[in-house]
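Participant: File name protein_12.cif; file contents mmCIF, C-alpha atoms; full text below.
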data_target
loop_
_atom_site.label_atom_id
_atom_site.label_comp_id
_atom_site.auth_asym_id
_atom_site.auth_seq_id
_atom_site.Cartn_x
_atom_site.Cartn_y
_atom_site.Cartn_z
CA MET Y 7 16.44 17.74 0.37
CA THR Y 8 18.39 15.59 2.87
CA ASN Y 9 20.17 18.81 3.85
CA LEU Y 10 17.01 19.75 5.76
CA TRP Y 11 17.32 16.79 8.15
CA ILE Y 12 21.08 17.22 8.40
CA GLU Y 13 20.58 20.83 9.53
CA ARG Y 14 17.92 19.80 12.05
CA ARG Y 15 20.29 17.28 13.60
CA LYS Y 16 23.07 19.86 13.75
CA LYS Y 17 20.80 22.18 15.74
CA ILE Y 18 20.08 19.41 18.23
CA PHE Y 19 23.78 18.50 18.35
CA GLU Y 20 24.59 22.08 19.36
CA LYS Y 21 22.25 21.72 22.35
CA MET Y 22 23.95 18.55 23.58
CA GLU Y 23 26.60 18.50 26.29
CA ASN Y 24 30.08 17.33 25.37
CA ASP Y 25 30.78 13.63 25.92
CA SER Y 26 27.15 12.65 25.40
CA LEU Y 27 24.94 10.38 23.31
CA LEU Y 28 21.48 11.00 21.87
CA ILE Y 29 19.30 8.01 21.04
CA LEU Y 30 15.90 8.09 19.31
CA PHE Y 31 13.76 5.08 18.43
CA SER Y 32 11.36 4.93 15.49
CA GLY Y 33 9.14 2.60 17.51
CA LYS Y 34 7.74 -0.91 17.40
CA PRO Y 35 4.41 -2.17 16.07
CA LEU Y 36 1.80 -3.12 18.66
CA LYS Y 37 0.13 -6.52 18.64
CA LYS Y 38 -3.62 -6.41 17.95
CA SER Y 39 -4.53 -10.08 18.38
CA ALA Y 40 -3.31 -13.47 17.18
CA ASP Y 41 -0.86 -12.69 14.36
CA ALA Y 42 -2.38 -9.26 13.58
CA GLN Y 43 -0.77 -5.94 14.48
CA HIS Y 44 -2.08 -2.41 14.82
CA GLU Y 45 -1.03 -0.12 12.01
CA PHE Y 46 2.46 1.12 12.78
CA TYR Y 47 3.08 4.83 13.26
CA THR Y 48 6.64 6.15 13.44
CA ASN Y 49 7.60 8.29 16.42
CA ASN Y 50 7.35 11.86 15.13
CA ASN Y 51 10.43 13.17 16.93
CA PHE Y 52 12.50 10.40 15.36
CA TYR Y 53 10.98 11.11 11.93
CA TYR Y 54 11.61 14.86 12.31
CA LEU Y 55 15.35 14.24 12.66
CA ALA Y 56 15.83 11.13 10.48
CA ASN Y 57 13.24 11.32 7.66
CA ILE Y 58 12.62 7.58 7.93
CA ASP Y 59 9.10 6.19 8.33
CA ARG Y 60 9.81 2.58 9.33
CA GLU Y 61 9.65 0.44 12.44
CA ASP Y 62 12.69 -0.78 14.38
CA VAL Y 63 15.16 1.92 13.39
CA VAL Y 64 17.43 3.76 15.84
CA LEU Y 65 19.13 7.12 15.42
CA LEU Y 66 22.34 7.67 17.40
CA ILE Y 67 24.11 11.03 17.65
CA GLU Y 68 27.42 11.15 19.48
CA LYS Y 69 29.16 14.29 20.72
CA LYS Y 70 32.75 13.61 21.74
CA GLU Y 71 35.21 16.51 22.13
CA GLY Y 72 32.85 18.66 20.10
CA THR Y 73 32.81 16.26 17.14
CA LEU Y 74 29.55 15.03 15.57
CA LYS Y 75 29.09 11.35 14.76
CA GLU Y 76 25.80 9.95 13.43
CA ILE Y 77 24.73 6.33 13.00
CA LEU Y 78 21.51 4.64 11.92
CA PHE Y 79 20.65 1.11 13.01
CA ILE Y 80 18.31 -0.78 10.69
CA LYS Y 81 16.99 -4.35 10.63
CA LYS Y 82 19.10 -7.05 9.03
CA LYS Y 83 17.75 -8.28 5.72
CA ASN Y 84 15.60 -11.42 6.08
CA ASN Y 85 14.50 -13.01 2.82
CA ASP Y 86 11.91 -15.29 4.46
CA VAL Y 87 10.19 -12.45 6.33
CA GLU Y 88 10.25 -10.25 3.23
CA LYS Y 89 8.15 -12.85 1.37
CA TRP Y 90 5.35 -12.26 3.86
CA PHE Y 91 5.65 -8.61 4.85
CA GLY Y 92 7.57 -6.78 2.14
CA LYS Y 93 11.05 -5.44 1.57
CA TYR Y 94 13.22 -4.27 4.44
CA LEU Y 95 14.79 -0.84 4.48
CA THR Y 96 18.18 -1.03 2.77
CA ILE Y 97 21.40 0.71 3.73
CA GLU Y 98 21.30 2.75 0.52
CA GLU Y 99 17.69 3.82 1.11
CA SER Y 100 18.35 4.87 4.68
CA GLN Y 101 21.43 6.84 3.64
CA GLY Y 102 19.51 8.62 0.88
CA LEU Y 103 16.57 9.52 3.12
CA SER Y 104 18.52 10.68 6.17
CA GLY Y 105 21.87 11.86 4.85
CA ILE Y 106 23.55 9.64 7.44
CA LYS Y 107 26.47 7.69 5.97
CA GLU Y 108 27.15 5.12 8.68
CA VAL Y 109 24.45 2.43 8.90
CA LEU Y 110 24.69 -0.59 11.20
CA HIS Y 111 22.32 -3.38 12.17
CA TYR Y 112 19.47 -2.86 14.64
CA GLU Y 113 20.18 -6.25 16.18
CA ASP Y 114 23.66 -5.02 17.20
CA PHE Y 115 22.51 -1.72 18.71
CA GLU Y 116 22.62 -2.57 22.41
CA ALA Y 117 26.01 -4.28 22.12
CA TYR Y 118 27.33 -1.18 20.34
CA ILE Y 119 26.08 1.12 23.11
CA ILE Y 120 27.55 -1.06 25.86
CA LYS Y 121 30.91 -1.06 24.09
CA LYS Y 122 30.81 2.72 23.64
CA ILE Y 123 29.99 3.38 27.28
CA ASN Y 124 32.68 0.99 28.49
CA LEU Y 125 35.37 2.47 26.22
CA TYR Y 126 34.61 6.18 26.49
CA ALA Y 127 33.76 8.49 29.38
CA TYR Y 128 30.26 9.48 28.30
CA GLN Y 129 28.66 11.68 30.91
CA SER Y 130 25.11 12.06 29.56
CA MET Y 131 22.56 10.26 27.43
CA TYR Y 132 19.67 12.08 25.75
CA LEU Y 133 16.42 10.18 25.17
CA ASP Y 134 12.85 11.10 24.25
CA LEU Y 135 11.10 10.72 27.60
CA GLU Y 136 7.75 12.27 26.65
CA ASN Y 137 5.04 11.30 29.13
CA ASP Y 138 1.86 13.33 29.52
CA ASN Y 139 0.10 10.81 31.77
CA PHE Y 140 1.49 9.12 34.86
CA PHE Y 141 -0.41 5.92 34.03
CA ASN Y 142 0.76 5.61 30.38
CA SER Y 143 2.76 2.54 29.43
CA LYS Y 144 6.45 3.28 29.17
CA SER Y 145 7.79 4.23 25.76
CA GLN Y 146 10.80 2.54 24.13
CA GLY Y 147 12.93 5.51 25.17
CA GLN Y 148 11.78 5.27 28.79
CA LEU Y 149 12.40 1.54 28.92
CA PHE Y 150 15.90 2.04 27.55
CA ALA Y 151 16.53 4.77 30.13
CA ASP Y 152 15.62 2.25 32.85
CA LYS Y 153 18.21 -0.17 31.48
CA ILE Y 154 20.95 2.46 31.43
CA ILE Y 155 20.14 3.72 34.94
CA ASP Y 156 20.22 0.16 36.27
CA ARG Y 157 23.50 -0.73 34.55
CA TYR Y 158 25.33 2.61 34.47
CA PRO Y 159 24.04 4.78 37.34
CA GLY Y 160 26.80 7.34 36.75
CA ILE Y 161 25.40 8.40 33.37
CA ARG Y 162 23.00 11.32 33.51
CA ILE Y 163 19.77 10.71 31.62
CA ARG Y 164 18.55 13.83 29.83
CA ASN Y 165 15.15 14.39 28.19
CA ILE Y 166 15.56 15.71 24.63
CA PHE Y 167 11.79 15.92 24.07
CA PHE Y 168 11.47 19.61 24.90
CA GLU Y 169 14.35 20.69 22.66
CA ILE Y 170 12.83 18.86 19.69
CA SER Y 171 9.38 20.23 20.55
CA ASN Y 172 10.71 23.80 20.49
CA MET Y 173 12.17 23.16 17.04
CA ARG Y 174 8.98 21.55 15.73
CA ARG Y 175 6.90 24.49 16.95
CA ILE Y 176 8.35 26.67 14.17
CA LYS Y 177 7.61 25.17 10.76
CA ASP Y 178 10.03 25.48 7.86
CA SER Y 179 8.96 25.91 4.23
CA TYR Y 180 9.00 22.15 3.58
CA GLU Y 181 6.60 21.52 6.46
CA ILE Y 182 4.29 24.36 5.44
CA GLU Y 183 4.08 22.93 1.91
CA ARG Y 184 3.10 19.52 3.33
CA ILE Y 185 0.39 21.08 5.52
CA ILE Y 186 -0.98 23.06 2.58
CA GLU Y 187 -1.22 19.87 0.51
CA ALA Y 188 -3.07 18.12 3.35
CA ILE Y 189 -5.47 21.08 3.50
CA ARG Y 190 -6.06 20.93 -0.27
CA ILE Y 191 -7.16 17.31 0.05
CA THR Y 192 -9.33 18.18 3.05
CA ASN Y 193 -10.98 20.96 1.06
CA ASP Y 194 -11.84 18.53 -1.74
CA GLY Y 195 -13.16 16.02 0.79
CA ILE Y 196 -15.43 18.56 2.49
CA SER Y 197 -16.76 19.73 -0.87
CA HIS Y 198 -17.51 16.14 -1.87
CA LEU Y 199 -19.33 15.25 1.33
CA ALA Y 200 -21.26 18.53 1.36
CA LYS Y 201 -22.77 17.72 -2.04
CA ASN Y 202 -23.70 14.18 -1.07
CA ILE Y 203 -25.07 14.26 2.47
CA LYS Y 204 -28.84 13.95 2.81
CA PRO Y 205 -31.34 13.62 5.65
CA ASN Y 206 -31.96 10.04 6.79
CA GLN Y 207 -28.41 8.98 5.94
CA MET Y 208 -26.25 7.57 8.70
CA GLU Y 209 -23.41 9.72 10.01
CA TYR Y 210 -20.89 7.12 8.88
CA GLN Y 211 -22.26 7.37 5.35
CA ALA Y 212 -21.56 11.09 5.35
CA GLU Y 213 -18.06 10.36 6.65
CA SER Y 214 -17.46 7.88 3.82
CA TYR Y 215 -17.66 10.64 1.19
CA PHE Y 216 -14.72 12.37 2.86
CA ASP Y 217 -12.77 9.11 3.20
CA PHE Y 218 -13.20 8.40 -0.52
CA ILE Y 219 -11.40 11.63 -1.47
CA LEU Y 220 -8.56 10.85 0.93
CA LYS Y 221 -8.07 7.41 -0.62
CA GLN Y 222 -8.07 8.97 -4.08
CA ASN Y 223 -5.20 11.22 -2.98
CA GLY Y 224 -3.11 8.67 -1.12
CA ALA Y 225 -3.89 10.36 2.19
CA ILE Y 226 -5.18 9.08 5.51
CA PRO Y 227 -7.33 10.78 8.18
CA SER Y 228 -5.33 12.98 10.55
CA PHE Y 229 -7.51 11.63 13.36
CA GLU Y 230 -10.81 9.80 13.78
CA THR Y 231 -13.37 11.84 11.89
CA ILE Y 232 -16.17 13.45 13.86
CA ALA Y 233 -19.45 13.44 11.91
CA ALA Y 234 -21.84 14.52 14.64
CA ALA Y 235 -25.46 15.29 13.84
CA GLY Y 236 -27.85 17.10 16.19
CA SER Y 237 -27.20 16.55 19.88
CA ASN Y 238 -24.16 14.37 19.15
CA ALA Y 239 -22.26 17.55 18.27
CA THR Y 240 -22.40 18.65 21.91
CA THR Y 241 -19.95 15.84 22.74
CA LEU Y 242 -16.54 17.19 21.73
CA HIS Y 243 -14.92 13.88 20.82
CA TYR Y 244 -17.93 12.03 19.45
CA ILE Y 245 -16.48 9.49 16.99
CA SER Y 246 -18.95 6.60 16.79
CA ASN Y 247 -20.69 8.29 13.81
CA SER Y 248 -23.50 5.73 14.13
CA ASP Y 249 -26.63 7.86 14.30
CA VAL Y 250 -29.25 8.91 11.75
CA ILE Y 251 -29.01 12.42 10.29
CA ARG Y 252 -32.37 14.18 10.61
CA SER Y 253 -33.52 16.92 8.27
CA GLU Y 254 -33.57 19.50 11.08
CA ASP Y 255 -30.03 18.70 12.25
CA LEU Y 256 -26.82 20.63 11.96
CA ILE Y 257 -23.91 18.25 11.33
CA LEU Y 258 -20.54 19.11 12.84
CA PHE Y 259 -17.68 17.67 10.78
CA ASP Y 260 -14.29 17.82 12.50
CA LEU Y 261 -11.85 16.15 10.15
CA GLY Y 262 -8.58 16.39 8.29
CA ALA Y 263 -6.30 14.69 5.83
CA SER Y 264 -2.75 13.64 6.63
CA LYS Y 265 -0.34 13.52 3.72
CA ASP Y 266 3.38 12.72 3.98
CA LYS Y 267 2.83 12.57 7.76
CA TYR Y 268 1.69 16.22 8.03
CA SER Y 269 -1.80 16.97 9.30
CA SER Y 270 -4.68 19.29 8.61
CA ASP Y 271 -7.51 19.93 11.07
CA VAL Y 272 -10.71 21.60 9.90
CA THR Y 273 -14.22 21.87 11.29
CA ARG Y 274 -17.28 22.92 9.35
CA THR Y 275 -20.89 22.78 10.53
CA LEU Y 276 -23.43 22.07 7.81
CA PRO Y 277 -27.27 22.01 7.77
CA ALA Y 278 -28.54 18.55 6.82
CA SER Y 279 -31.31 20.10 4.74
CA GLY Y 280 -28.88 22.30 2.83
CA LYS Y 281 -30.37 25.45 4.37
CA PHE Y 282 -29.83 27.00 7.81
CA THR Y 283 -32.93 27.86 9.82
CA GLU Y 284 -33.12 31.36 11.28
CA ARG Y 285 -32.30 30.03 14.74
CA GLN Y 286 -29.34 28.10 13.40
CA LYS Y 287 -28.14 31.22 11.58
CA SER Y 288 -28.29 33.31 14.75
CA LEU Y 289 -26.09 30.91 16.71
CA TYR Y 290 -23.81 30.07 13.79
CA SER Y 291 -23.17 33.77 13.20
CA ILE Y 292 -21.86 34.17 16.76
CA VAL Y 293 -19.34 31.37 16.27
CA LEU Y 294 -18.39 32.69 12.84
CA LEU Y 295 -17.73 36.16 14.25
CA ALA Y 296 -15.56 34.70 17.02
CA ASN Y 297 -13.67 32.65 14.45
CA LYS Y 298 -12.97 35.63 12.18
CA LYS Y 299 -12.03 38.03 14.99
CA ALA Y 300 -9.64 35.53 16.58
CA ILE Y 301 -8.01 34.93 13.20
CA GLU Y 302 -7.63 38.66 12.62
CA ALA Y 303 -5.82 38.92 15.97
CA CYS Y 304 -3.22 36.31 15.00
CA LYS Y 305 0.30 37.72 14.82
CA PRO Y 306 3.74 37.21 16.35
CA GLY Y 307 3.75 37.94 20.07
CA ILE Y 308 0.19 36.94 20.91
CA THR Y 309 -0.44 33.84 23.02
CA LEU Y 310 -3.02 31.08 22.66
CA ASP Y 311 -4.49 32.10 26.02
CA GLU Y 312 -5.00 35.65 24.79
CA LEU Y 313 -6.75 34.37 21.68
CA ASN Y 314 -9.00 32.23 23.85
CA GLU Y 315 -9.94 35.11 26.14
CA MET Y 316 -10.86 37.23 23.11
CA THR Y 317 -12.98 34.37 21.79
CA LYS Y 318 -14.80 34.02 25.09
CA GLU Y 319 -15.68 37.71 25.13
CA ILE Y 320 -17.26 37.51 21.65
CA LEU Y 321 -19.16 34.32 22.43
CA THR Y 322 -20.36 35.78 25.73
CA GLN Y 323 -21.68 38.93 24.11
CA GLY Y 324 -23.47 36.93 21.43
CA LEU Y 325 -25.19 34.69 23.96
CA LEU Y 326 -26.12 37.67 26.12
CA ASN Y 327 -27.75 39.28 23.08
CA LEU Y 328 -29.82 36.13 22.52
CA ASN Y 329 -30.72 35.93 26.24
CA LEU Y 330 -29.21 32.46 26.49
CA ILE Y 331 -27.06 33.56 29.42
CA LYS Y 332 -27.25 36.37 31.93
CA SER Y 333 -23.56 36.68 32.87
CA ARG Y 334 -20.09 35.79 31.60
CA ASP Y 335 -19.80 33.08 34.25
CA GLU Y 336 -22.45 31.07 32.41
CA LEU Y 337 -20.46 30.76 29.18
CA ILE Y 338 -18.92 27.52 30.43
CA ARG Y 339 -22.29 25.85 29.85
CA TYR Y 340 -21.96 26.38 26.10
CA TYR Y 341 -18.21 26.71 25.40
CA TYR Y 342 -15.81 24.41 27.23
CA HIS Y 343 -12.59 24.04 25.28
CA GLY Y 344 -9.71 26.22 24.15
CA VAL Y 345 -9.77 28.04 20.82
CA SER Y 346 -6.37 26.93 19.51
CA HIS Y 347 -3.60 24.37 19.37
CA HIS Y 348 -0.44 23.89 17.33
CA LEU Y 349 -0.63 21.81 14.14
CA GLY Y 350 2.01 19.84 12.26
CA LEU Y 351 3.22 16.25 12.39
CA ASP Y 352 0.75 15.79 15.23
CA VAL Y 353 -2.77 17.18 15.04
CA HIS Y 354 -2.34 18.60 18.53
CA ASP Y 355 1.27 19.36 17.81
CA VAL Y 356 4.08 19.76 20.30
CA GLY Y 357 5.30 23.16 21.46
CA ASP Y 358 4.90 25.21 24.63
CA ARG Y 359 1.35 26.59 24.53
CA THR Y 360 2.22 29.42 26.91
CA LEU Y 361 4.90 30.99 24.69
CA PRO Y 362 4.06 33.93 22.40
CA LEU Y 363 3.56 32.89 18.80
CA LYS Y 364 6.36 33.36 16.27
CA ALA Y 365 6.48 33.45 12.50
CA GLY Y 366 6.35 29.86 11.32
CA CYS Y 367 3.89 28.65 13.94
CA VAL Y 368 0.85 26.89 12.49
CA ILE Y 369 -2.18 26.90 14.77
CA THR Y 370 -5.91 26.24 14.66
CA ILE Y 371 -8.67 28.71 15.46
CA GLU Y 372 -11.79 26.80 16.49
CA PRO Y 373 -14.47 28.55 18.55
CA GLY Y 374 -17.70 26.66 19.22
CA LEU Y 375 -21.06 26.71 20.93
CA TYR Y 376 -22.79 23.59 22.22
CA ILE Y 377 -26.47 24.06 23.04
CA SER Y 378 -27.61 20.71 24.40
CA GLU Y 379 -31.18 21.88 25.10
CA GLU Y 380 -31.53 22.71 21.41
CA ASN Y 381 -29.72 19.57 20.17
CA MET Y 382 -27.14 21.73 18.44
CA GLY Y 383 -23.37 21.95 18.34
CA ILE Y 384 -21.50 24.45 16.15
CA ARG Y 385 -17.75 24.72 15.63
CA ILE Y 386 -15.80 26.47 12.87
CA GLU Y 387 -12.10 25.68 12.64
CA ASP Y 388 -9.39 27.07 10.39
CA ASP Y 389 -5.64 26.41 10.12
CA ILE Y 390 -3.51 29.57 10.45
CA LEU Y 391 0.13 30.24 9.58
CA ILE Y 392 1.75 33.00 11.63
CA THR Y 393 3.90 35.28 9.45
CA GLU Y 394 6.36 38.07 10.24
CA ASP Y 395 3.63 40.71 9.98
CA GLY Y 396 0.43 38.80 10.76
CA TYR Y 397 -1.07 35.58 9.44
CA ILE Y 398 -2.23 33.56 6.44
CA ASN Y 399 -5.44 31.58 6.70
CA LEU Y 400 -4.42 28.33 5.03
CA THR Y 401 -8.03 27.08 4.96
CA ARG Y 402 -9.54 30.27 3.54
CA ASP Y 403 -10.87 28.42 0.47
CA ILE Y 404 -13.06 26.08 2.52
CA PRO Y 405 -16.52 27.74 2.69
CA LYS Y 406 -17.77 28.91 6.08
CA GLU Y 407 -19.97 31.96 5.37
CA ILE Y 408 -23.64 31.00 5.54
CA ASP Y 409 -24.40 31.70 1.87
CA ASP Y 410 -21.19 29.98 0.76
CA VAL Y 411 -21.95 26.87 2.82
CA GLU Y 412 -25.44 26.63 1.36
CA ASN Y 413 -24.10 27.09 -2.16
CA MET Y 414 -21.47 24.40 -1.58
CA MET Y 415 -24.23 21.96 -0.61
CA LYS Y 416 -26.17 22.41 -3.85
CA THR Y 417 -25.91 19.38 -6.08
CA SER Y 418 -26.63 21.19 -9.35
#
Have the structure of the file written as structure tokens, please.

Facilitator:
Amino acid sequence: MTNLWIERRKKIFEKMENDSLLILFSGKPLKKSADAQHEFYTNNNFYYLANIDREDVVLLIEKKEGTLKEILFIKKKNNDVEKWFGKYLTIEESQGLSGIKEVLHYEDFEAYIIKKINLYAYQSMYLDLENDNFFNSKSQGQLFADKIIDRYPGIRIRNIFFEISNMRRIKDSYEIERIIEAIRITNDGISHLAKNIKPNQMEYQAESYFDFILKQNGAIPSFETIAAAGSNATTLHYISNSDVIRSEDLILFDLGASKDKYSSDVTRTLPASGKFTERQKSLYSIVLLANKKAIEACKPGITLDELNEMTKEILTQGLLNLNLIKSRDELIRYYYHGVSHHLGLDVHDVGDRTLPLKAGCVITIEPGLYISEENMGIRIEDDILITEDGYINLTRDIPKEIDDVENMMKTS
């Protein structure tokens, strides 16, 4: 299996200029307060190339005269710290996971780089310089770039983020298997919560039924679960889940399991009473039609923008038929997000959204309608694998037809 990560690194190596270095950091834990830390999450670009899910690890790839050299830097063993926080990553473990033979100490990393730069005529250094917000704190890669620029202004700093993103956009069979397993757990979680939610429960109680199934499967949430009843579902990223579920409410559940670092992302909208009203059916059916038609259009060559425009046409026609709007320009009142994003290691996964889809892309299809004056939000989201000749709906077993949803919610 380590051959997979070896091949990924070779592809990146081929993109590098001669006489260059590539450096990726796994990341550092963030302090929460006092002696507590936030849960650590490994940088996904590092993980994608190294297959190591630990803090304070560095991957170095050197390209000198066309020759590949790879090194991992891991923390030195510390028996006292291990008594408190657990075993450190060993040289043998890191070699087995990554397929990289040369392993040095993390504490010696900067001295090693300085020596390399001083001894050899390296022209370029590749770092992950991802930054989607001007006001974000600098990443470890960006901070290291600042050091190099200050000390060695002649070295060109290159951003490797986009090359790795383009690779991650197309999933291999290993990744698809991980996503399918995450979806299986999500399916079980939705089924469990659907049979247990009742009017007058709190939203967080409904969420807990899903969380229980994840714990049973050694999974974690892909993101903060949305369990939004009634008018709360008209707020796209409602996550407080602190309100009472009323019998007349629809409950929008946007949730997913993450297993082995790969994510699922599914939305289902359920009637709290176990039965849709006629009005709820009429609006739900519009969203369901948009969902199914957009999925049917999935194939290599289509773009996410084209899928969104198709979705908007179907939603517009449905709202016109119900006299909720009088023109297409009014759709923005009830639908105000895109229909799709890439899915993988990240829930909103990396990859150029403007490029036509290719076989191996995994995307979501998630149309919605948000009718604030009727205290109702509806979204239906599926996870779709693009194939050579079309698509596979990876979440096809999770009920979304009206009769199937109502049957799923029956407790006997």

Participant: Applied to this file, what does the PyMOL selection byres ((chain Y and resi 212) around 9) return in terms of residues, put as a ChimeraX atom specification?

Facilitator: /Y:199-200,202-204,207-211,213-216,233,247

Participant: Env of Thr401 in chain Y: 8 Å cut, atoms = all atoms listed in the file, seq-sep filter 2 positions within chain, self excluded. Answer as a ChimeraX atom specification.

Facilitator: /Y:189,193,272,388-390,399,403-404

Participant: Within 12 Å of range 364-378 of chain Y, which residues of range 162-240 of chain Y come that close, and what is the closest atom pair and distance in Å for each? Count all atoms listed in the file and give it as a tab-separated table.

Facilitator:
residue	atom	partner	partner_atom	distance
Y:Asn172	CA	Y:Cys367	CA	10.6
Y:Met173	CA	Y:Cys367	CA	10.4
Y:Arg174	CA	Y:Cys367	CA	8.9
Y:Arg175	CA	Y:Cys367	CA	6.0
Y:Ile176	CA	Y:Gly366	CA	4.7
Y:Lys177	CA	Y:Gly366	CA	4.9
Y:Asp178	CA	Y:Gly366	CA	6.7
Y:Ser179	CA	Y:Gly366	CA	8.5
Y:Tyr180	CA	Y:Gly366	CA	11.2
Y:Glu181	CA	Y:Gly366	CA	9.7
Y:Ile182	CA	Y:Val368	CA	8.2
Y:Glu183	CA	Y:Val368	CA	11.7
Y:Arg184	CA	Y:Val368	CA	12.0
Y:Ile185	CA	Y:Val368	CA	9.1
Y:Ile186	CA	Y:Val368	CA	10.8
Y:Ala234	CA	Y:Tyr376	CA	11.9
Y:Gly236	CA	Y:Ser378	CA	9.0
Y:Ser237	CA	Y:Ser378	CA	6.2
Y:Asn238	CA	Y:Ser378	CA	8.9
Y:Ala239	CA	Y:Tyr376	CA	7.2
Y:Thr240	CA	Y:Tyr376	CA	5.0

Participant: For the PyMOL selection byres ((chain Y and resi 36-48) around 10), applied here, can you spell out every residue it catches as number ranges by chain?

Facilitator: Y: 31-35, 49-53, 58-63, 267

Participant: Pick out the residues sitting within 9 Å of Ile77 in chain Y, and hand them over as a list of chain:residue names; count only C-alpha atoms, and ignore anything fewer than 2 positions along from it in its own chain.

Facilitator: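 Close residues of Ile77 in chain Y: Y:Val64, Y:Leu65, Y:Leu66, Y:Ile67, Y:Glu68, Y:Lys75, Y:Phe79, Y:Ile106, Y:Lys107, Y:Glu108, Y:Val109, Y:Leu110.
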
Participant: With the file shown as input, list the residues that the PyMOL selection byres ((chain Y and resi 274) around 8) selects, as a PDB file with C-alpha atoms, keeping the file's coordinate frame.

Facilitator:
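Once everything was written out, this is part.pdb:
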ATOM      1  CA  LEU Y 258     -20.540  19.110  12.840  1.00  0.00           C
ATOM      2  CA  PHE Y 259     -17.680  17.670  10.780  1.00  0.00           C
ATOM      3  CA  ASP Y 260     -14.290  17.820  12.500  1.00  0.00           C
ATOM      4  CA  VAL Y 272     -10.710  21.600   9.900  1.00  0.00           C
ATOM      5  CA  THR Y 273     -14.220  21.870  11.290  1.00  0.00           C
ATOM      6  CA  THR Y 275     -20.890  22.780  10.530  1.00  0.00           C
ATOM      7  CA  LEU Y 276     -23.430  22.070   7.810  1.00  0.00           C
ATOM      8  CA  ARG Y 385     -17.750  24.720  15.630  1.00  0.00           C
ATOM      9  CA  ILE Y 386     -15.800  26.470  12.870  1.00  0.00           C
ATOM     10  CA  GLU Y 387     -12.100  25.680  12.640  1.00  0.00           C
ATOM     11  CA  LYS Y 406     -17.770  28.910   6.080  1.00  0.00           C
TER      12      LYS Y 406
END

Participant: Need to verify the contact set: Lys69 in chain Y, 7 Å, only C-alpha atoms, exclusion of same-chain residues closer than 6 positions in sequence. Can you return it as a PyMOL selection string?

Facilitator: chain Y and resi 24-27+75

Participant: Write a file of the just-selected residues containing C-alpha atoms, as a PDB file, keeping the file's coordinate frame.

Facilitator:
ATOM      1  CA  ASN Y  24      30.080  17.330  25.370  1.00  0.00           C
ATOM      2  CA  ASP Y  25      30.780  13.630  25.920  1.00  0.00           C
ATOM      3  CA  SER Y  26      27.150  12.650  25.400  1.00  0.00           C
ATOM      4  CA  LEU Y  27      24.940  10.380  23.310  1.00  0.00           C
ATOM      5  CA  LYS Y  75      29.090  11.350  14.760  1.00  0.00           C
TER       6      LYS Y  75
END

Participant: Residues around (5.9, 38.2, 15.7), cut-off 9 Å, counting only C-alpha atoms - what are they as a ChimeraX atom specification?

Facilitator: /Y:305-308,362-365,392-396

Participant: Atoms to include: C-alpha atoms. Write the selected residues as a PDB file, in the coordinates of the input.

Facilitator:
ATOM      1  CA  LYS Y 305       0.300  37.720  14.820  1.00  0.00           C
ATOM      2  CA  PRO Y 306       3.740  37.210  16.350  1.00  0.00           C
ATOM      3  CA  GLY Y 307       3.750  37.940  20.070  1.00  0.00           C
ATOM      4  CA  ILE Y 308       0.190  36.940  20.910  1.00  0.00           C
ATOM      5  CA  PRO Y 362       4.060  33.930  22.400  1.00  0.00           C
ATOM      6  CA  LEU Y 363       3.560  32.890  18.800  1.00  0.00           C
ATOM      7  CA  LYS Y 364       6.360  33.360  16.270  1.00  0.00           C
ATOM      8  CA  ALA Y 365       6.480  33.450  12.500  1.00  0.00           C
ATOM      9  CA  ILE Y 392       1.750  33.000  11.630  1.00  0.00           C
ATOM     10  CA  THR Y 393       3.900  35.280   9.450  1.00  0.00           C
ATOM     11  CA  GLU Y 394       6.360  38.070  10.240  1.00  0.00           C
ATOM     12  CA  ASP Y 395       3.630  40.710   9.980  1.00  0.00           C
ATOM     13  CA  GLY Y 396       0.430  38.800  10.760  1.00  0.00           C
TER      14      GLY Y 396
END
